[in-house]
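Just work13.cif here, mmCIF, C-alpha atoms, pLDDT in the B column; chains and numbers go by the auth columns:
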data_upload
#
loop_
_atom_site.group_PDB
_atom_site.id
_atom_site.type_symbol
_atom_site.label_atom_id
_atom_site.label_comp_id
_atom_site.label_asym_id
_atom_site.label_seq_id
_atom_site.Cartn_x
_atom_site.Cartn_y
_atom_site.Cartn_z
_atom_site.B_iso_or_equiv
_atom_site.auth_seq_id
_atom_site.auth_asym_id
ATOM 1 C CA MET A 1 20.000 -1.289 18.438 64.00 1 A
ATOM 2 C CA LYS A 2 19.062 -4.958 18.514 71.00 2 A
ATOM 3 C CA ASN A 3 16.825 -4.490 15.446 77.00 3 A
ATOM 4 C CA ALA A 4 19.700 -2.889 13.531 72.00 4 A
ATOM 5 C CA PHE A 5 21.975 -5.769 14.468 74.00 5 A
ATOM 6 C CA MET A 6 19.416 -8.352 13.359 78.00 6 A
ATOM 7 C CA ARG A 7 18.719 -6.484 10.154 83.00 7 A
ATOM 8 C CA TYR A 8 22.391 -6.319 9.139 84.00 8 A
ATOM 9 C CA ARG A 9 23.590 -9.596 10.667 86.00 9 A
ATOM 10 C CA PHE A 10 24.375 -11.119 7.272 89.00 10 A
ATOM 11 C CA VAL A 11 26.484 -8.105 6.311 86.00 11 A
ATOM 12 C CA GLY A 12 28.331 -8.438 9.600 86.00 12 A
ATOM 13 C CA LEU A 13 28.822 -12.171 9.118 90.00 13 A
ATOM 14 C CA ALA A 14 30.095 -11.601 5.568 88.00 14 A
ATOM 15 C CA LEU A 15 32.579 -9.005 6.805 88.00 15 A
ATOM 16 C CA LEU A 16 33.732 -11.370 9.542 90.00 16 A
ATOM 17 C CA ALA A 17 34.143 -14.144 6.960 90.00 17 A
ATOM 18 C CA LEU A 18 36.170 -11.818 4.711 89.00 18 A
ATOM 19 C CA GLY A 19 38.341 -10.835 7.656 89.00 19 A
ATOM 20 C CA GLY A 20 38.829 -14.473 8.657 90.00 20 A
ATOM 21 C CA LEU A 21 39.690 -15.438 5.096 88.00 21 A
ATOM 22 C CA TYR A 22 42.189 -12.565 4.925 89.00 22 A
ATOM 23 C CA LEU A 23 43.851 -13.738 8.154 91.00 23 A
ATOM 24 C CA PHE A 24 43.861 -17.376 7.056 90.00 24 A
ATOM 25 C CA ASN A 25 45.024 -16.814 3.468 89.00 25 A
ATOM 26 C CA HIS A 26 46.208 -13.276 2.739 88.00 26 A
ATOM 27 C CA GLU A 27 46.203 -13.578 -1.076 92.00 27 A
ATOM 28 C CA MET A 28 42.790 -15.237 -1.304 91.00 28 A
ATOM 29 C CA GLY A 29 41.390 -12.746 1.191 87.00 29 A
ATOM 30 C CA LEU A 30 42.575 -9.837 -0.953 90.00 30 A
ATOM 31 C CA ARG A 31 40.959 -11.400 -4.037 92.00 31 A
ATOM 32 C CA ALA A 32 37.709 -11.914 -2.151 90.00 32 A
ATOM 33 C CA ILE A 33 37.770 -8.302 -0.956 90.00 33 A
ATOM 34 C CA ASP A 34 38.418 -7.110 -4.533 92.00 34 A
ATOM 35 C CA VAL A 35 35.449 -9.121 -5.831 92.00 35 A
ATOM 36 C CA THR A 36 33.258 -7.813 -3.030 90.00 36 A
ATOM 37 C CA LEU A 37 34.220 -4.204 -3.731 90.00 37 A
ATOM 38 C CA PHE A 38 33.688 -4.703 -7.476 92.00 38 A
ATOM 39 C CA SER A 39 30.208 -6.142 -6.858 88.00 39 A
ATOM 40 C CA PHE A 40 29.351 -3.333 -4.452 88.00 40 A
ATOM 41 C CA GLU A 41 30.492 -0.726 -6.990 89.00 41 A
ATOM 42 C CA GLU A 42 28.422 -2.397 -9.714 85.00 42 A
ATOM 43 C CA MET A 43 25.336 -2.318 -7.493 84.00 43 A
ATOM 44 C CA ILE A 44 25.893 1.329 -6.608 87.00 44 A
ATOM 45 C CA LEU A 45 26.008 2.165 -10.329 84.00 45 A
ATOM 46 C CA VAL A 46 22.930 0.073 -11.239 79.00 46 A
ATOM 47 C CA ILE A 47 20.462 0.518 -8.385 81.00 47 A
ATOM 48 C CA PRO A 48 19.967 4.335 -8.490 85.00 48 A
ATOM 49 C CA PRO A 49 19.039 4.439 -12.201 81.00 49 A
ATOM 50 C CA VAL A 50 16.672 1.501 -11.684 78.00 50 A
ATOM 51 C CA PHE A 51 14.889 3.320 -8.874 81.00 51 A
ATOM 52 C CA ILE A 52 14.702 6.542 -10.890 85.00 52 A
ATOM 53 C CA LEU A 53 13.101 4.626 -13.753 80.00 53 A
ATOM 54 C CA LEU A 54 10.733 2.942 -11.299 79.00 54 A
ATOM 55 C CA GLY A 55 9.675 6.315 -9.968 82.00 55 A
ATOM 56 C CA LEU A 56 8.997 7.534 -13.494 82.00 56 A
ATOM 57 C CA LEU A 57 7.091 4.341 -14.305 79.00 57 A
ATOM 58 C CA ASP A 58 5.035 4.767 -11.170 79.00 58 A
ATOM 59 C CA VAL A 59 4.177 8.394 -11.937 81.00 59 A
ATOM 60 C CA TRP A 60 3.826 8.343 -15.718 88.00 60 A
ATOM 61 C CA ILE A 61 1.870 5.130 -16.272 85.00 61 A
ATOM 62 C CA PRO A 62 -1.526 4.953 -14.568 84.00 62 A
ATOM 63 C CA LYS A 63 -2.570 1.728 -12.871 84.00 63 A
ATOM 64 C CA GLU A 64 -5.512 1.397 -15.261 88.00 64 A
ATOM 65 C CA THR A 65 -3.172 1.363 -18.266 87.00 65 A
ATOM 66 C CA MET A 66 -0.911 -1.300 -16.750 87.00 66 A
ATOM 67 C CA THR A 67 -3.949 -3.377 -15.773 89.00 67 A
ATOM 68 C CA ARG A 68 -5.375 -3.118 -19.285 91.00 68 A
ATOM 69 C CA PHE A 69 -2.133 -4.129 -21.007 92.00 69 A
ATOM 70 C CA MET A 70 -0.681 -6.605 -18.492 93.00 70 A
ATOM 71 C CA GLY A 71 -3.448 -7.339 -15.979 91.00 71 A
ATOM 72 C CA ASP A 72 -5.701 -10.350 -15.437 91.00 72 A
ATOM 73 C CA LYS A 73 -7.621 -9.859 -18.682 91.00 73 A
ATOM 74 C CA SER A 74 -4.668 -8.888 -20.880 91.00 74 A
ATOM 75 C CA GLY A 75 -4.385 -12.313 -22.531 92.00 75 A
ATOM 76 C CA VAL A 76 -1.725 -12.839 -25.188 95.00 76 A
ATOM 77 C CA ARG A 77 -0.995 -9.099 -25.321 95.00 77 A
ATOM 78 C CA GLY A 78 0.098 -9.158 -21.668 95.00 78 A
ATOM 79 C CA ILE A 79 2.294 -12.198 -22.243 96.00 79 A
ATOM 80 C CA VAL A 80 3.985 -10.660 -25.288 96.00 80 A
ATOM 81 C CA LEU A 81 4.460 -7.335 -23.510 95.00 81 A
ATOM 82 C CA SER A 82 5.985 -9.128 -20.503 95.00 82 A
ATOM 83 C CA PHE A 83 8.469 -10.872 -22.791 95.00 83 A
ATOM 84 C CA VAL A 84 9.337 -7.671 -24.665 94.00 84 A
ATOM 85 C CA VAL A 85 9.800 -5.532 -21.530 92.00 85 A
ATOM 86 C CA GLY A 86 11.890 -8.241 -19.852 93.00 86 A
ATOM 87 C CA ALA A 87 14.068 -8.852 -22.915 93.00 87 A
ATOM 88 C CA ALA A 88 14.600 -5.139 -23.554 90.00 88 A
ATOM 89 C CA ALA A 89 15.524 -4.365 -19.951 84.00 89 A
ATOM 90 C CA ALA A 90 19.116 -3.594 -19.085 77.00 90 A
ATOM 91 C CA GLY A 91 21.044 -4.492 -15.996 79.00 91 A
ATOM 92 C CA PRO A 92 21.586 -7.511 -13.781 84.00 92 A
ATOM 93 C CA LEU A 93 18.762 -9.742 -12.588 87.00 93 A
ATOM 94 C CA TYR A 94 18.532 -8.114 -9.168 85.00 94 A
ATOM 95 C CA GLY A 95 17.204 -5.023 -10.961 85.00 95 A
ATOM 96 C CA ALA A 96 14.140 -6.989 -12.101 89.00 96 A
ATOM 97 C CA PHE A 97 12.712 -7.467 -8.629 91.00 97 A
ATOM 98 C CA PRO A 98 12.010 -3.813 -7.797 89.00 98 A
ATOM 99 C CA VAL A 99 10.398 -3.500 -11.240 90.00 99 A
ATOM 100 C CA ALA A 100 8.289 -6.565 -10.459 92.00 100 A
ATOM 101 C CA ALA A 101 7.225 -4.946 -7.180 91.00 101 A
ATOM 102 C CA VAL A 102 6.035 -1.844 -9.051 91.00 102 A
ATOM 103 C CA PHE A 103 4.241 -4.113 -11.519 92.00 103 A
ATOM 104 C CA MET A 104 2.441 -5.686 -8.561 93.00 104 A
ATOM 105 C CA LYS A 105 1.425 -2.256 -7.322 90.00 105 A
ATOM 106 C CA LYS A 106 0.102 -1.447 -10.801 90.00 106 A
ATOM 107 C CA GLY A 107 -2.058 -4.584 -10.982 91.00 107 A
ATOM 108 C CA VAL A 108 -0.020 -6.700 -13.396 94.00 108 A
ATOM 109 C CA LYS A 109 -1.107 -10.341 -13.533 96.00 109 A
ATOM 110 C CA PHE A 110 1.131 -12.626 -11.454 96.00 110 A
ATOM 111 C CA SER A 111 1.993 -14.951 -14.349 96.00 111 A
ATOM 112 C CA ASN A 112 2.994 -11.912 -16.451 97.00 112 A
ATOM 113 C CA ILE A 113 5.354 -10.826 -13.673 97.00 113 A
ATOM 114 C CA LEU A 114 6.914 -14.297 -13.687 97.00 114 A
ATOM 115 C CA ILE A 115 7.266 -14.120 -17.475 97.00 115 A
ATOM 116 C CA PHE A 116 8.867 -10.678 -17.170 96.00 116 A
ATOM 117 C CA ILE A 117 11.428 -11.986 -14.651 96.00 117 A
ATOM 118 C CA GLY A 118 12.103 -15.055 -16.796 96.00 118 A
ATOM 119 C CA ALA A 119 12.614 -12.918 -19.899 96.00 119 A
ATOM 120 C CA TRP A 120 14.867 -10.498 -17.994 95.00 120 A
ATOM 121 C CA SER A 121 17.033 -13.369 -16.800 94.00 121 A
ATOM 122 C CA THR A 122 17.355 -15.344 -20.049 93.00 122 A
ATOM 123 C CA MET A 123 16.280 -13.357 -23.103 93.00 123 A
ATOM 124 C CA LYS A 124 18.214 -10.087 -23.015 90.00 124 A
ATOM 125 C CA ILE A 125 18.474 -8.547 -26.467 90.00 125 A
ATOM 126 C CA PRO A 126 22.191 -7.634 -26.056 87.00 126 A
ATOM 127 C CA MET A 127 22.924 -11.217 -24.963 89.00 127 A
ATOM 128 C CA PHE A 128 21.039 -12.527 -28.013 92.00 128 A
ATOM 129 C CA ILE A 129 23.070 -10.263 -30.326 92.00 129 A
ATOM 130 C CA PHE A 130 26.314 -11.436 -28.696 92.00 130 A
ATOM 131 C CA GLU A 131 25.282 -15.060 -29.105 93.00 131 A
ATOM 132 C CA LEU A 132 24.432 -14.458 -32.772 93.00 132 A
ATOM 133 C CA THR A 133 27.916 -13.128 -33.470 93.00 133 A
ATOM 134 C CA ALA A 134 29.979 -15.305 -31.117 94.00 134 A
ATOM 135 C CA LEU A 135 28.134 -18.615 -31.131 94.00 135 A
ATOM 136 C CA GLY A 136 26.212 -18.459 -34.379 94.00 136 A
ATOM 137 C CA PRO A 137 22.590 -18.034 -35.349 95.00 137 A
ATOM 138 C CA VAL A 138 21.669 -21.705 -34.908 96.00 138 A
ATOM 139 C CA PHE A 139 22.683 -21.659 -31.239 96.00 139 A
ATOM 140 C CA ALA A 140 21.190 -18.221 -30.483 95.00 140 A
ATOM 141 C CA ILE A 141 17.848 -18.879 -32.133 95.00 141 A
ATOM 142 C CA THR A 142 17.588 -22.410 -30.713 96.00 142 A
ATOM 143 C CA ARG A 143 18.250 -21.142 -27.199 95.00 143 A
ATOM 144 C CA MET A 144 15.671 -18.387 -27.628 94.00 144 A
ATOM 145 C CA LEU A 145 13.078 -20.834 -28.990 95.00 145 A
ATOM 146 C CA ILE A 146 13.674 -23.137 -26.021 96.00 146 A
ATOM 147 C CA ASN A 147 13.489 -20.294 -23.497 95.00 147 A
ATOM 148 C CA ILE A 148 10.112 -18.964 -24.634 96.00 148 A
ATOM 149 C CA PRO A 149 8.072 -22.110 -23.939 97.00 149 A
ATOM 150 C CA GLY A 150 10.213 -22.863 -20.884 97.00 150 A
ATOM 151 C CA ILE A 151 9.368 -19.504 -19.330 97.00 151 A
ATOM 152 C CA LEU A 152 5.689 -19.905 -20.207 97.00 152 A
ATOM 153 C CA ILE A 153 5.559 -23.385 -18.676 97.00 153 A
ATOM 154 C CA ILE A 154 7.335 -22.309 -15.480 97.00 154 A
ATOM 155 C CA ALA A 155 5.095 -19.232 -15.094 97.00 155 A
ATOM 156 C CA HIS A 156 1.993 -21.367 -15.662 96.00 156 A
ATOM 157 C CA ILE A 157 3.056 -24.042 -13.164 97.00 157 A
ATOM 158 C CA ILE A 158 3.952 -21.511 -10.463 96.00 158 A
ATOM 159 C CA SER A 159 0.744 -19.552 -11.015 95.00 159 A
ATOM 160 C CA ARG A 160 -1.359 -22.724 -10.773 94.00 160 A
ATOM 161 C CA ARG A 161 0.477 -24.099 -7.728 96.00 161 A
ATOM 162 C CA LEU A 162 -0.035 -20.975 -5.635 95.00 162 A
ATOM 163 C CA SER A 163 -3.444 -20.324 -4.153 94.00 163 A
ATOM 164 C CA PRO A 164 -5.073 -16.916 -4.647 93.00 164 A
ATOM 165 C CA ASP A 165 -4.384 -16.207 -0.948 94.00 165 A
ATOM 166 C CA GLU A 166 -0.666 -16.904 -1.433 95.00 166 A
ATOM 167 C CA VAL A 167 -0.533 -14.643 -4.485 93.00 167 A
ATOM 168 C CA ASN A 168 -2.347 -11.909 -2.526 91.00 168 A
ATOM 169 C CA ARG A 169 0.193 -12.230 0.304 93.00 169 A
ATOM 170 C CA ILE A 170 3.008 -11.831 -2.231 92.00 170 A
ATOM 171 C CA TYR A 171 1.369 -8.696 -3.654 91.00 171 A
ATOM 172 C CA GLU A 172 0.775 -7.294 -0.165 89.00 172 A
ATOM 173 C CA ALA A 173 4.413 -7.899 0.801 87.00 173 A
ATOM 174 C CA ALA A 174 5.701 -5.955 -2.224 84.00 174 A
ATOM 175 C CA PRO A 175 7.640 -2.964 -0.873 81.00 175 A
ATOM 176 C CA PHE A 176 6.135 -0.336 -3.156 71.00 176 A
#
Full structure transcribed into structure tokens:
Amino acid sequence: MKNAFMRYRFVGLALLALGGLYLFNHEMGLRAIDVTLFSFEEMILVIPPVFILLGLLDVWIPKETMTRFMGDKSGVRGIVLSFVVGAAAAGPLYGAFPVAAVFMKKGVKFSNILIFIGAWSTMKIPMFIFELTALGPVFAITRMLINIPGILIIAHIISRRLSPDEVNRIYEAAPF
């Protein structure tokens, strides 16, 4: 029972905070509850398809294939593939982390995982198309051209700053 309480303490604290906000300011509390329910509904609609796709990825693509295309010796091909997969992915950023965990299980190079997460968070193809139409091609292309080296630099710095033991601990802690 104590483990369950410790595991869900933040959920309990959030619910207490919502309740306190509701008692303190009824209107603001209702808005906060609406936002919370909307976010919960969005997660319920996104997470199951992500996990289904992860299961298919895990079963359909052998580790050797992932290692060859995105592993330690993948070179530029692994970098490009990480960008393409991240940019083509759909869904909010929290969907990228289970995919990254499966990539770890499949032997994907750590810097390629960082590139994938960076591309997922900043280079979505639908977002690029929206920016082209709403903000113009100069803005959209400039932002994309800034993001690519930025993601590469960040992935390189993080990969170099972590020791091989730290990277191994991250891979071992991956839930899949």
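Minimum atom-to-atom distances from A:Lys109, A:Gly55, A:Ala96, A:Met144 to Ile125 of chain A were compared using all atoms listed in the file, and the lowest value belongs to A:Met144.
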(request) Give the answer as one residue: which of A:Gly71, A:Pro62, A:Gly118, A:Pro126 has the shortest atom-to-atom distance to Gly91 of chain A, using only C-alpha atoms? (result) A:Pro126
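Proximity of A:Asn25, A:Ser82, A:Thr133, A:Ser111 to Ser159 of chain A, computed with only C-alpha atoms, is greatest for A:Ser111.
In terms of minimum interatomic distance to Leu30 of chain A, A:Leu18 ranks closest within A:Ala140, A:Asn112, A:Leu18, A:Met123, counting all atoms listed in the file.
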(request) Name the residues in contact with Ile117 of chain A at a cut-off of 8 Å, using only C-alpha atoms, excluding same-chain residues fewer than 2 positions from it; report them as a PyMOL selection string. (result) chain A and resi 86+93+96-97+100+113-115+119-121
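Under the PyMOL selection byres ((chain A and resi 33-44) around 12), the matching residues in the shown file are Val11, Ala14, Leu15, Leu16, Ala17, Leu18, Gly19, Gly20, Leu21, Tyr22, His26, Glu27, Met28, Gly29, Leu30, Arg31, Ala32, Leu45, Val46, Ile47, Pro48, Pro49, Val50, Phe51, Gly91, Pro92, Leu93, Tyr94 and Gly95 of chain A.
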(request) Could you check which of A:Tyr8, A:Trp60, A:Phe116, A:Phe24 is closest to Ala89 of chain A, using all atoms listed in the file? (result) A:Phe116
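For the atom pair formed by atom CA of Leu162 of chain A and atom CA of Leu145 of chain A, the distance is 26.8 Å, given to one decimal.
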(message) Just want the 9 Å neighbourhood of Thr67 of chain A, counted on all atoms listed in the file, with same-chain residues fewer than 6 positions away dropped. Output as a ChimeraX atom specification.
(response) /A:73-74,106-109
Write a file of the just-selected residues containing C-alpha atoms, as a PDB file, keeping the file's coordinate frame.
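Generated file (out-v8.pdb):
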ATOM      1  CA  LYS A  73      -7.621  -9.859 -18.682  1.00 91.00           C
ATOM      2  CA  SER A  74      -4.668  -8.888 -20.880  1.00 91.00           C
ATOM      3  CA  LYS A 106       0.102  -1.447 -10.801  1.00 90.00           C
ATOM      4  CA  GLY A 107      -2.058  -4.584 -10.982  1.00 91.00           C
ATOM      5  CA  VAL A 108      -0.020  -6.700 -13.396  1.00 94.00           C
ATOM      6  CA  LYS A 109      -1.107 -10.341 -13.533  1.00 96.00           C
TER       7      LYS A 109
END
(message) When you look at Pro175 of chain A with a cut-off of 10 Å (counting only C-alpha atoms), what residues show up, excluding the ones that are within fewer than 4 positions of it in the same chain? I need them as a ChimeraX atom specification.
(response) /A:98,101-102,104-105,171
(message) As an exercise, work out the distance from atom CA of Ser163 of chain A to atom CA of Phe110 of chain A in Å and give it to one decimal place.
(response) 11.6 Å
Edge lengths and centre in Å to one decimal, as lines of an AutoDock Vina configuration file, of the axis-aligned box that encloses all listed atoms of segment 138-151 of chain A with 5 Å added on every side?
center_x = 15.4
center_y = -20.7
center_z = -27.1
size_x = 24.6
size_y = 14.9
size_z = 25.6
(request) Quick one: pull the distance between atom CA of Ile52 of chain A and atom CA of Ala90 of chain A, Å, one decimal. (result) 13.8 Å
